[in-house]
file coords-v8.cif (mmCIF, C-alpha atoms and all ligand atoms)
data_target
loop_
_atom_site.label_atom_id
_atom_site.label_comp_id
_atom_site.auth_asym_id
_atom_site.auth_seq_id
_atom_site.Cartn_x
_atom_site.Cartn_y
_atom_site.Cartn_z
CA MET A 1 0.00 0.00 0.00
CA SER A 2 1.22 3.52 -0.64
CA ASP A 3 1.47 4.41 2.94
CA PHE A 4 1.39 8.19 3.50
CA HIS A 5 1.72 9.86 6.89
CA ALA A 6 0.96 13.46 7.84
CA LEU A 7 4.23 15.12 8.93
CA LYS A 8 4.65 18.65 10.18
CA VAL A 9 7.28 20.86 8.52
CA ALA A 10 9.82 21.76 11.22
CA SER A 11 11.86 24.27 9.23
CA VAL A 12 12.29 25.79 5.77
CA ASP A 13 15.81 27.06 5.04
CA ALA A 14 16.94 28.83 1.87
CA LEU A 15 19.81 27.01 0.18
CA THR A 16 20.04 29.29 -2.86
CA PRO A 17 17.67 31.94 -4.29
CA ASN A 18 15.87 29.01 -5.97
CA ALA A 19 16.13 26.10 -3.56
CA VAL A 20 15.05 25.28 -0.02
CA ALA A 21 15.76 22.60 2.54
CA LEU A 22 12.56 21.26 4.13
CA SER A 23 12.90 19.44 7.44
CA PHE A 24 10.08 17.41 8.97
CA ASP A 25 9.14 16.62 12.55
CA VAL A 26 8.89 12.84 12.82
CA PRO A 27 6.83 11.90 15.90
CA THR A 28 8.21 9.16 18.13
CA GLU A 29 5.62 6.60 16.99
CA LEU A 30 6.73 7.06 13.35
CA ARG A 31 10.50 7.10 13.92
CA LYS A 32 10.89 3.45 12.93
CA THR A 33 8.74 3.89 9.80
CA PHE A 34 10.89 6.82 8.70
CA THR A 35 14.26 5.19 9.37
CA PHE A 36 16.34 5.55 6.19
CA LEU A 37 19.60 4.67 4.54
CA PRO A 38 21.80 7.43 3.14
CA GLY A 39 20.77 8.02 -0.49
CA GLN A 40 17.06 7.17 -0.13
CA TYR A 41 14.15 9.46 -1.02
CA ILE A 42 10.70 10.28 0.29
CA THR A 43 7.57 11.02 -1.74
CA LEU A 44 5.46 14.06 -0.88
CA LYS A 45 1.78 14.26 -1.81
CA LYS A 46 -0.45 17.30 -2.13
CA GLU A 47 -3.83 18.14 -3.67
CA MET A 48 -3.24 20.97 -6.14
CA ASP A 49 -5.97 22.37 -8.39
CA ASP A 50 -8.15 19.31 -7.62
CA LYS A 51 -5.38 16.97 -8.72
CA GLU A 52 -3.18 14.78 -6.59
CA VAL A 53 0.47 15.66 -7.14
CA ARG A 54 3.25 13.33 -5.96
CA ARG A 55 6.94 14.18 -6.06
CA ALA A 56 9.96 12.19 -4.90
CA TYR A 57 12.78 14.10 -3.19
CA SER A 58 16.07 12.69 -1.95
CA ILE A 59 16.89 13.00 1.71
CA SER A 60 19.92 15.24 2.22
CA SER A 61 20.39 14.71 5.96
CA ALA A 62 22.49 11.86 7.30
CA PRO A 63 20.65 9.21 9.35
CA SER A 64 22.94 10.01 12.30
CA SER A 65 21.64 13.60 12.42
CA GLY A 66 18.19 12.50 13.56
CA GLN A 67 16.76 14.91 10.94
CA LEU A 68 14.57 14.18 7.95
CA THR A 69 15.46 16.87 5.42
CA VAL A 70 14.99 17.14 1.67
CA GLY A 71 16.38 19.74 -0.73
CA ILE A 72 13.93 21.12 -3.31
CA LYS A 73 15.04 23.23 -6.25
CA LYS A 74 12.44 25.38 -7.98
CA MET A 75 12.06 23.99 -11.50
CA PRO A 76 10.76 26.03 -14.44
CA ASN A 77 7.05 25.11 -14.69
CA GLY A 78 7.43 22.91 -11.59
CA THR A 79 4.11 22.93 -9.75
CA PHE A 80 5.22 21.28 -6.53
CA SER A 81 8.74 22.70 -6.42
CA LYS A 82 7.34 26.22 -6.87
CA TYR A 83 4.85 25.61 -4.06
CA ALA A 84 7.62 24.25 -1.81
CA ASN A 85 9.90 27.21 -2.48
CA GLU A 86 7.29 29.94 -2.22
CA SER A 87 4.46 28.80 0.03
CA ILE A 88 5.47 26.16 2.58
CA SER A 89 6.10 27.42 6.12
CA PRO A 90 7.10 25.73 9.37
CA GLY A 91 4.02 24.16 10.96
CA ASP A 92 2.43 23.19 7.63
CA VAL A 93 1.51 19.54 7.31
CA LEU A 94 2.39 17.43 4.26
CA GLU A 95 1.57 13.85 3.36
CA VAL A 96 4.85 11.91 3.24
CA MET A 97 5.57 8.34 2.12
CA PRO A 98 8.28 6.50 4.11
CA PRO A 99 11.81 6.40 2.65
CA GLU A 100 12.62 4.09 -0.22
CA GLY A 101 15.17 3.76 -3.00
CA ARG A 102 18.16 1.63 -3.90
CA PHE A 103 20.81 4.31 -4.49
CA VAL A 104 22.25 3.80 -1.03
CA PHE A 105 25.39 3.52 1.05
CA GLU A 106 25.28 0.71 3.60
CA PRO A 107 28.22 0.86 6.01
CA ASN A 108 29.65 -2.59 6.72
CA GLY A 109 32.65 -1.72 8.85
CA GLU A 110 35.12 -1.93 5.95
CA ILE A 111 37.32 1.00 4.94
CA LYS A 112 35.82 2.64 1.86
CA THR A 113 37.05 5.04 -0.78
CA ILE A 114 34.10 6.54 -2.58
CA ALA A 115 33.64 8.98 -5.45
CA ALA A 116 30.51 10.87 -6.43
CA PHE A 117 29.64 12.92 -9.50
CA ALA A 118 26.66 15.22 -8.98
CA ALA A 119 25.11 18.08 -10.90
CA GLY A 120 22.62 20.66 -9.60
CA SER A 121 20.01 19.24 -7.23
CA GLY A 122 21.63 15.82 -7.77
CA ILE A 123 23.70 16.74 -4.72
CA THR A 124 20.83 15.99 -2.30
CA PRO A 125 21.32 12.21 -1.81
CA ILE A 126 25.09 12.69 -2.08
CA MET A 127 25.00 15.02 0.96
CA SER A 128 23.58 12.19 3.05
CA ILE A 129 25.91 9.58 1.54
CA ALA A 130 29.06 11.72 1.91
CA GLN A 131 28.40 12.52 5.57
CA SER A 132 27.61 8.89 6.32
CA VAL A 133 30.72 7.58 4.53
CA LEU A 134 32.94 10.02 6.41
CA GLU A 135 31.34 9.22 9.76
CA ALA A 136 31.35 5.44 9.24
CA ASN A 137 35.13 4.95 9.48
CA GLU A 138 37.89 7.43 10.23
CA LYS A 139 39.90 6.01 7.33
CA ASN A 140 37.13 6.38 4.75
CA ARG A 141 37.76 8.87 1.94
CA PHE A 142 35.31 10.67 -0.31
CA VAL A 143 35.91 12.54 -3.57
CA LEU A 144 33.05 14.71 -4.83
CA VAL A 145 32.85 16.23 -8.30
CA PHE A 146 30.02 18.75 -8.25
CA GLY A 147 28.76 20.69 -11.28
CA ASN A 148 26.66 23.88 -11.19
CA GLN A 149 26.19 27.10 -13.12
CA ASN A 150 27.88 29.31 -10.52
CA PRO A 151 28.63 29.31 -6.77
CA GLY A 152 25.47 31.31 -5.91
CA GLU A 153 23.22 28.65 -7.47
CA THR A 154 25.03 25.78 -5.74
CA MET A 155 22.82 23.90 -3.30
CA TYR A 156 24.45 22.92 0.02
CA ARG A 157 27.64 24.87 -0.85
CA ASN A 158 28.17 26.16 2.71
CA GLN A 159 27.40 22.78 4.25
CA LEU A 160 29.92 21.15 1.88
CA LEU A 161 32.57 23.72 2.81
CA ASP A 162 31.89 22.99 6.50
CA LEU A 163 32.24 19.27 5.84
CA GLN A 164 35.48 19.89 3.98
CA GLY A 165 36.78 21.82 6.99
CA LYS A 166 35.77 19.01 9.35
CA TYR A 167 37.28 16.19 7.26
CA ALA A 168 40.13 18.13 5.61
CA ASN A 169 42.30 15.09 4.85
CA ARG A 170 39.53 12.74 3.73
CA PHE A 171 36.93 14.80 1.87
CA PHE A 172 37.90 16.38 -1.44
CA ILE A 173 35.68 18.50 -3.68
CA GLN A 174 36.24 19.31 -7.32
CA TRP A 175 33.90 22.21 -8.11
CA VAL A 176 32.81 22.57 -11.74
CA TYR A 177 31.02 25.73 -12.95
CA SER A 178 29.49 26.17 -16.39
CA ARG A 179 28.89 29.93 -16.25
CA SER A 180 31.48 31.29 -13.89
CA SER A 181 35.28 31.14 -13.84
CA GLU A 182 36.47 30.57 -10.29
CA ALA A 183 39.91 29.94 -8.83
CA ASP A 184 40.73 26.23 -8.39
CA CYS A 185 37.48 25.21 -10.09
CA LEU A 186 36.91 23.65 -13.49
CA PHE A 187 35.03 25.69 -16.09
CA GLY A 188 32.41 23.88 -18.17
CA ARG A 189 30.30 20.80 -17.56
CA ILE A 190 31.16 17.43 -16.09
CA GLU A 191 32.42 15.49 -19.09
CA ASN A 192 34.79 12.76 -20.17
CA ALA A 193 37.84 14.96 -19.51
CA THR A 194 36.62 15.62 -15.95
CA VAL A 195 36.45 11.91 -15.20
CA ASN A 196 39.91 11.38 -16.68
CA LEU A 197 41.30 14.23 -14.60
CA ILE A 198 39.97 12.64 -11.40
CA LEU A 199 40.96 9.04 -12.16
CA LYS A 200 44.22 9.49 -14.03
CA ASN A 201 45.60 12.63 -12.49
CA LYS A 202 44.30 14.21 -9.29
CA PHE A 203 43.36 11.01 -7.46
CA LYS A 204 45.24 8.41 -9.44
CA GLU A 205 46.63 6.83 -6.27
CA LEU A 206 43.11 6.04 -4.97
CA ASP A 207 41.33 2.79 -5.66
CA PHE A 208 37.61 3.64 -5.56
CA ASP A 209 35.16 1.07 -4.21
CA THR A 210 31.97 2.70 -5.50
CA PHE A 211 30.96 5.60 -7.74
CA TYR A 212 27.67 7.39 -7.07
CA LEU A 213 26.28 9.42 -10.00
CA CYS A 214 23.31 11.73 -9.54
CA GLY A 215 21.86 14.40 -11.80
CA PRO A 216 20.47 14.74 -15.32
CA GLU A 217 20.55 11.73 -17.61
CA GLN A 218 23.16 13.16 -19.96
CA MET A 219 25.69 13.65 -17.17
CA ILE A 220 25.05 10.16 -15.84
CA THR A 221 25.53 8.59 -19.26
CA THR A 222 28.71 10.57 -19.96
CA VAL A 223 30.31 9.78 -16.60
CA SER A 224 29.21 6.16 -16.59
CA ASP A 225 30.64 5.54 -20.09
CA SER A 226 33.83 7.32 -19.19
CA LEU A 227 34.27 5.31 -15.98
CA LYS A 228 33.74 2.07 -17.89
CA ASN A 229 36.27 3.19 -20.53
CA ASN A 230 38.70 3.67 -17.66
CA GLY A 231 38.19 0.04 -16.65
CA VAL A 232 35.71 0.57 -13.77
CA ALA A 233 33.44 -2.46 -13.36
CA GLU A 234 29.75 -1.77 -13.99
CA GLU A 235 28.71 -3.07 -10.56
CA LYS A 236 30.78 -0.35 -8.90
CA ILE A 237 28.70 2.39 -10.58
CA LEU A 238 25.38 3.39 -8.97
CA HIS A 239 23.19 6.09 -10.40
CA GLU A 240 20.07 8.05 -9.53
CA LEU A 241 18.31 9.92 -12.31
CA PHE A 242 16.87 13.32 -11.49
CA THR A 243 15.47 13.92 -14.94
CA SER A 244 14.82 11.48 -17.69
CA SER A 245 14.82 11.90 -21.45
CA ASP A 246 12.72 9.98 -23.92
CA SER A 247 15.78 8.86 -25.84
CA GLU A 248 15.51 5.22 -24.83
CA VAL A 249 11.80 4.70 -25.39
CA ASN A 250 11.01 1.25 -26.68
CA GLN A 251 7.99 0.97 -28.98
CA VAL A 252 6.03 -2.02 -27.69
CA GLU A 253 4.27 -3.71 -30.62
CA GLY A 254 1.07 -5.75 -30.77
CA LEU A 255 -0.92 -4.16 -27.95
CA ASP A 256 -4.37 -4.80 -29.38
CA GLY A 257 -5.84 -7.20 -26.85
CA LYS A 258 -7.11 -7.21 -23.32
CA THR A 259 -5.45 -8.71 -20.26
CA LYS A 260 -6.93 -10.13 -17.09
CA VAL A 261 -4.70 -8.74 -14.36
CA THR A 262 -4.30 -10.04 -10.82
CA VAL A 263 -2.52 -7.71 -8.39
CA VAL A 264 -0.99 -8.94 -5.14
CA LEU A 265 -0.72 -6.07 -2.67
CA ASP A 266 -0.53 -6.26 1.12
CA ASP A 267 -1.15 -10.03 0.90
CA GLU A 268 -4.46 -9.49 -0.89
CA GLU A 269 -5.31 -10.36 -4.48
CA GLN A 270 -7.45 -8.09 -6.67
CA GLU A 271 -8.48 -8.64 -10.27
CA PHE A 272 -9.51 -6.48 -13.20
CA THR A 273 -9.32 -6.45 -16.99
CA MET A 274 -7.29 -3.83 -18.85
CA ASP A 275 -6.50 -2.80 -22.40
CA GLN A 276 -2.96 -3.74 -23.31
CA LYS A 277 -2.53 -0.20 -24.68
CA GLU A 278 -2.72 1.11 -21.12
CA LEU A 279 0.24 1.10 -18.76
CA VAL A 280 -0.10 -1.39 -15.92
CA LEU A 281 0.18 1.23 -13.15
CA ASP A 282 -2.45 3.47 -14.79
CA ALA A 283 -4.87 0.53 -14.94
CA VAL A 284 -4.08 -0.46 -11.34
CA LEU A 285 -4.82 3.06 -10.09
CA LYS A 286 -7.95 3.34 -12.25
CA ASN A 287 -9.22 0.26 -10.46
CA ASP A 288 -8.73 1.98 -7.08
CA ILE A 289 -5.87 -0.26 -6.04
CA ASP A 290 -3.56 1.66 -3.72
CA ALA A 291 -0.26 0.60 -5.29
CA PRO A 292 2.92 2.54 -4.49
CA TYR A 293 4.10 5.09 -7.05
CA SER A 294 5.70 8.46 -7.21
CA CYS A 295 7.17 9.90 -10.43
CA GLN A 296 5.12 7.92 -13.00
CA GLY A 297 8.01 8.61 -15.36
CA GLY A 298 10.39 5.69 -14.82
CA VAL A 299 12.76 7.82 -12.72
CA CYS A 300 12.15 6.69 -9.14
CA SER A 301 11.68 3.03 -8.26
CA SER A 302 8.48 3.19 -6.19
CA CYS A 303 6.28 1.21 -8.58
CA ILE A 304 8.37 -1.96 -8.93
CA ALA A 305 6.43 -5.24 -8.96
CA ARG A 306 7.31 -8.85 -9.69
CA ILE A 307 5.61 -10.78 -12.50
CA LEU A 308 4.26 -14.06 -11.15
CA GLU A 309 2.42 -15.09 -14.31
CA GLY A 310 2.31 -13.83 -17.90
CA GLU A 311 4.49 -11.24 -19.58
CA ALA A 312 4.86 -7.48 -19.65
CA GLU A 313 7.22 -5.21 -21.57
CA MET A 314 8.55 -1.84 -20.51
CA VAL A 315 8.62 1.20 -22.79
CA LYS A 316 11.50 2.59 -20.77
CA ASN A 317 13.77 1.20 -18.09
CA GLN A 318 16.74 3.06 -16.72
CA ILE A 319 16.53 1.60 -13.22
CA LEU A 320 16.28 -2.18 -13.22
CA THR A 321 19.35 -4.23 -14.13
CA ASP A 322 19.21 -6.92 -16.82
CA SER A 323 19.25 -9.63 -14.17
CA GLU A 324 16.36 -8.01 -12.26
CA VAL A 325 14.33 -7.85 -15.47
CA ALA A 326 15.24 -11.49 -16.15
CA GLU A 327 13.93 -12.50 -12.72
CA GLY A 328 10.60 -10.80 -13.48
CA LEU A 329 10.79 -7.30 -11.97
CA ILE A 330 9.05 -4.47 -13.83
CA LEU A 331 8.44 -0.76 -13.39
CA THR A 332 4.66 -0.91 -13.55
CA CYS A 333 4.45 2.76 -14.61
CA GLN A 334 6.38 1.84 -17.77
CA ALA A 335 4.97 -1.62 -18.51
CA HIS A 336 2.35 -2.92 -20.94
CA ALA A 337 0.78 -6.33 -20.42
CA LYS A 338 1.65 -8.65 -23.33
CA THR A 339 -0.32 -11.79 -22.51
CA PRO A 340 -4.05 -12.50 -21.88
CA VAL A 341 -3.25 -13.10 -18.20
CA LEU A 342 -0.83 -11.14 -16.01
CA LYS A 343 -0.22 -11.54 -12.29
CA VAL A 344 1.99 -8.99 -10.54
CA ASP A 345 3.13 -8.86 -6.93
CA TYR A 346 3.97 -5.51 -5.29
CA ASP A 347 4.90 -7.18 -1.98
CA ASP A 348 7.75 -9.43 -3.08
CA VAL A 349 10.25 -6.95 -4.55
S1 LIG B 401 6.50 5.55 -10.36
FE1 LIG B 401 8.60 6.20 -10.46
S2 LIG B 401 9.51 4.59 -11.65
FE2 LIG B 401 7.41 4.12 -11.72
#
call {"tool": "encode", "arguments": {"input": "coords-v8.cif", "output": "structure tokens"}}
result
Amino acid sequence: MSDFHALKVASVDALTPNAVALSFDVPTELRKTFTFLPGQYITLKKEMDDKEVRRAYSISSAPSSGQLTVGIKKMPNGTFSKYANESISPGDVLEVMPPEGRFVFEPNGEIKTIAAFAAGSGITPIMSIAQSVLEANEKNRFVLVFGNQNPGETMYRNQLLDLQGKYANRFFIQWVYSRSSEADCLFGRIENATVNLILKNKFKELDFDTFYLCGPEQMITTVSDSLKNNGVAEEKILHELFTSSDSEVNQVEGLDGKTKVTVVLDDEEQEFTMDQKELVLDAVLKNDIDAPYSCQGGVCSSCIARILEGEAEMVKNQILTDSEVAEGLILTCQAHAKTPVLKVDYDDV
């Protein structure tokens, strides 16, 4: 079930002229429900103009802080982000889904050397991950490459400088600005040459355990390809998309029939019939089944289900690995049913 809870906004702090940090009060009885791993996100829900709007935002606070904070950048034409930046005040109550997401750092006691490439608001989960990595072991090291237009538009800049002061020998930041020339910073965007500079020059003595990439799709693709060209194994590269393009849309053919769908959710089974032209999640919601979802754009991972019977094909998948698809996982917001019968399980994912 998409399990929302009413949480009171504890504080709203300006990060830049166009971005705020929202912190929530989590009452004692919900503390366990809202426990999170660094890198996870929460989904916020709000009725706006008679329509339900859901948006996923990464948690920027570290679990050790006891805070639940998200960073929200005002997007051009962004309904919710505009509302968050201009209208939310401390004391307001928002509907919040508990943390989820697989772009995470899980400390296991081993010494880690981590790198992250982030652009714009892609810094939000990295803030939580970086703090947690640095706190987890006094020998852990973290290299951050962070791209923005200019220092004034850089979310969490002061907090990153504080962190750099606190962990001077273990936390390194390579600032990259596309519209401002600054001393000791790179000018331009994060590109192939930036990755080469980090791996082959500035930090060539480091052996990185994991690379976290977060930001627009183009940056993720560029950095990921460049890392692989430098011999980095694919399983060491984790990414979180903040915007998605339609470049990888797969045209699913032969969607003329109907499918009898069985949905397993919260240990209950519900059935309905849908047109194969519809997306599975749309049909599930139309039938008043309270399945989890957030972005409806294949960017978060809230809507994952497991196929127990039948077949479905996704128009777009930038989240699930080939082996997860092979074992039957689908993003229901991107999937068309392909067989007369389809059974999907939201519980076993
Ligand atoms: S709802 Fe976000 S990936 Fe499907």
call {"tool": "closest_residue", "arguments": {"input": "coords-v8.cif", "among": "A:Glu138, A:Asp267, A:Asp282, A:Asp49", "to": "ligand LIG 401 (chain B)", "atoms": "all atoms listed in the file"}}
result
A:Asp282
call {"tool": "closest_residue", "arguments": {"input": "coords-v8.cif", "among": "A:Val145, A:Leu160, A:Ile42, A:Ala6", "to": "ligand LIG 401 (chain B)", "atoms": "all atoms listed in the file"}}
result
A:Ile42
call {"tool": "residues_near_ligand", "arguments": {"input": "coords-v8.cif", "ligand": "ligand LIG 401 (chain B)", "cutoff": "8 Å", "atoms": "all atoms listed in the file", "output": "MDAnalysis selection string"}}
result
chainID A and resid 281 292:304 319 331:334
call {"tool": "closest_residue", "arguments": {"input": "coords-v8.cif", "among": "A:Asn108, A:Asn18, A:Asn250, A:Thr43", "to": "Glu86 of chain A", "atoms": "only C-alpha atoms"}}
result
A:Asn18
call {"tool": "atom_distance", "arguments": {"input": "coords-v8.cif", "atom1": "atom CA of Ala62 of chain A", "atom2": "atom CA of Ser132 of chain A"}}
result
6.0 Å
call {"tool": "atom_distance", "arguments": {"input": "coords-v8.cif", "atom1": "atom CA of Ala119 of chain A", "atom2": "atom CA of Ser178 of chain A"}}
result
10.7 Å
call {"tool": "closest_residue", "arguments": {"input": "coords-v8.cif", "among": "A:Ile72, A:Leu7, A:Ile307, A:Ala312", "to": "Pro340 of chain A", "atoms": "all atoms listed in the file"}}
result
A:Ala312
call {"tool": "atom_distance", "arguments": {"input": "coords-v8.cif", "atom1": "atom CA of Ser180 of chain A", "atom2": "atom CA of Phe146 of chain A"}}
result
13.8 Å
call {"tool": "closest_residue", "arguments": {"input": "coords-v8.cif", "among": "A:Asp256, A:Glu278, A:Asp347, A:Asp322", "to": "Leu308 of chain A", "atoms": "all atoms listed in the file"}}
result
A:Asp347
call {"tool": "residues_around", "arguments": {"input": "coords-v8.cif", "residues": "Tyr177 of chain A", "least_positions_apart": "4", "cutoff": "8 Å", "atoms": "only C-alpha atoms", "output": "JSON, numbers by chain"}}
result
{"A": [147, 148, 149, 150, 151, 181, 182, 185, 186, 187, 188, 189]}
call {"tool": "write_last_selection", "arguments": {"input": "coords-v8.cif", "atoms": "C-alpha atoms", "output": "compact mmCIF listing (two decimals), keeping the file's coordinate frame"}}
result
# COMPACT_ATOMS: atom_id res chain seq x y z
CA GLY A 147 28.76 20.69 -11.28
CA ASN A 148 26.66 23.88 -11.19
CA GLN A 149 26.19 27.10 -13.12
CA ASN A 150 27.88 29.31 -10.52
CA PRO A 151 28.63 29.31 -6.77
CA SER A 181 35.28 31.14 -13.84
CA GLU A 182 36.47 30.57 -10.29
CA CYS A 185 37.48 25.21 -10.09
CA LEU A 186 36.91 23.65 -13.49
CA PHE A 187 35.03 25.69 -16.09
CA GLY A 188 32.41 23.88 -18.17
CA ARG A 189 30.30 20.80 -17.56
call {"tool": "closest_residue", "arguments": {"input": "coords-v8.cif", "among": "A:Leu30, A:Leu329, A:Leu265, A:Val315", "to": "Tyr346 of chain A", "atoms": "all atoms listed in the file"}}
result
A:Leu265
call {"tool": "decode", "arguments": {"input": "coords-v8.cif", "residues": "segment 141-160 of chain A", "atoms": "N, CA and C atoms", "output": "PDB file, in the first residue's frame"}}
result
ATOM      1  N   ARG A 141      37.495   7.651   2.716  1.00  0.00           N
ATOM      2  CA  ARG A 141      37.756   8.867   1.940  1.00  0.00           C
ATOM      3  C   ARG A 141      36.651   9.075   0.916  1.00  0.00           C
ATOM      4  N   PHE A 142      36.415  10.343   0.604  1.00  0.00           N
ATOM      5  CA  PHE A 142      35.313  10.666  -0.312  1.00  0.00           C
ATOM      6  C   PHE A 142      35.762  11.778  -1.262  1.00  0.00           C
ATOM      7  N   VAL A 143      35.613  11.522  -2.555  1.00  0.00           N
ATOM      8  CA  VAL A 143      35.913  12.537  -3.571  1.00  0.00           C
ATOM      9  C   VAL A 143      34.597  12.922  -4.241  1.00  0.00           C
ATOM     10  N   LEU A 144      34.276  14.214  -4.208  1.00  0.00           N
ATOM     11  CA  LEU A 144      33.047  14.706  -4.830  1.00  0.00           C
ATOM     12  C   LEU A 144      33.382  15.613  -6.004  1.00  0.00           C
ATOM     13  N   VAL A 145      32.776  15.322  -7.148  1.00  0.00           N
ATOM     14  CA  VAL A 145      32.855  16.225  -8.300  1.00  0.00           C
ATOM     15  C   VAL A 145      31.455  16.808  -8.452  1.00  0.00           C
ATOM     16  N   PHE A 146      31.345  18.143  -8.352  1.00  0.00           N
ATOM     17  CA  PHE A 146      30.024  18.754  -8.248  1.00  0.00           C
ATOM     18  C   PHE A 146      29.895  19.888  -9.274  1.00  0.00           C
ATOM     19  N   GLY A 147      28.950  19.718 -10.205  1.00  0.00           N
ATOM     20  CA  GLY A 147      28.764  20.691 -11.279  1.00  0.00           C
ATOM     21  C   GLY A 147      27.551  21.590 -11.065  1.00  0.00           C
ATOM     22  N   ASN A 148      27.728  22.888 -11.297  1.00  0.00           N
ATOM     23  CA  ASN A 148      26.660  23.882 -11.189  1.00  0.00           C
ATOM     24  C   ASN A 148      26.931  25.018 -12.166  1.00  0.00           C
ATOM     25  N   GLN A 149      25.963  25.935 -12.255  1.00  0.00           N
ATOM     26  CA  GLN A 149      26.195  27.102 -13.121  1.00  0.00           C
ATOM     27  C   GLN A 149      27.198  28.075 -12.489  1.00  0.00           C
ATOM     28  N   ASN A 150      26.988  28.358 -11.213  1.00  0.00           N
ATOM     29  CA  ASN A 150      27.876  29.308 -10.519  1.00  0.00           C
ATOM     30  C   ASN A 150      27.768  29.048  -9.015  1.00  0.00           C
ATOM     31  N   PRO A 151      28.670  29.602  -8.211  1.00  0.00           N
ATOM     32  CA  PRO A 151      28.627  29.311  -6.768  1.00  0.00           C
ATOM     33  C   PRO A 151      27.307  29.720  -6.112  1.00  0.00           C
ATOM     34  N   GLY A 152      26.705  30.835  -6.544  1.00  0.00           N
ATOM     35  CA  GLY A 152      25.470  31.313  -5.914  1.00  0.00           C
ATOM     36  C   GLY A 152      24.291  30.383  -6.122  1.00  0.00           C
ATOM     37  N   GLU A 153      24.322  29.582  -7.180  1.00  0.00           N
ATOM     38  CA  GLU A 153      23.220  28.649  -7.467  1.00  0.00           C
ATOM     39  C   GLU A 153      23.551  27.237  -6.960  1.00  0.00           C
ATOM     40  N   THR A 154      24.576  27.110  -6.153  1.00  0.00           N
ATOM     41  CA  THR A 154      25.031  25.782  -5.740  1.00  0.00           C
ATOM     42  C   THR A 154      24.375  25.366  -4.421  1.00  0.00           C
ATOM     43  N   MET A 155      23.515  24.377  -4.504  1.00  0.00           N
ATOM     44  CA  MET A 155      22.820  23.895  -3.299  1.00  0.00           C
ATOM     45  C   MET A 155      23.826  23.270  -2.335  1.00  0.00           C
ATOM     46  N   TYR A 156      23.638  23.512  -1.062  1.00  0.00           N
ATOM     47  CA  TYR A 156      24.449  22.925   0.019  1.00  0.00           C
ATOM     48  C   TYR A 156      25.926  23.336  -0.043  1.00  0.00           C
ATOM     49  N   ARG A 157      26.231  24.453  -0.715  1.00  0.00           N
ATOM     50  CA  ARG A 157      27.638  24.867  -0.849  1.00  0.00           C
ATOM     51  C   ARG A 157      28.263  25.101   0.531  1.00  0.00           C
ATOM     52  N   ASN A 158      27.574  25.868   1.395  1.00  0.00           N
ATOM     53  CA  ASN A 158      28.166  26.164   2.710  1.00  0.00           C
ATOM     54  C   ASN A 158      28.325  24.910   3.556  1.00  0.00           C
ATOM     55  N   GLN A 159      27.318  24.021   3.474  1.00  0.00           N
ATOM     56  CA  GLN A 159      27.402  22.781   4.253  1.00  0.00           C
ATOM     57  C   GLN A 159      28.555  21.918   3.754  1.00  0.00           C
ATOM     58  N   LEU A 160      28.793  21.927   2.438  1.00  0.00           N
ATOM     59  CA  LEU A 160      29.916  21.147   1.885  1.00  0.00           C
ATOM     60  C   LEU A 160      31.247  21.742   2.326  1.00  0.00           C
TER      61      LEU A 160
END
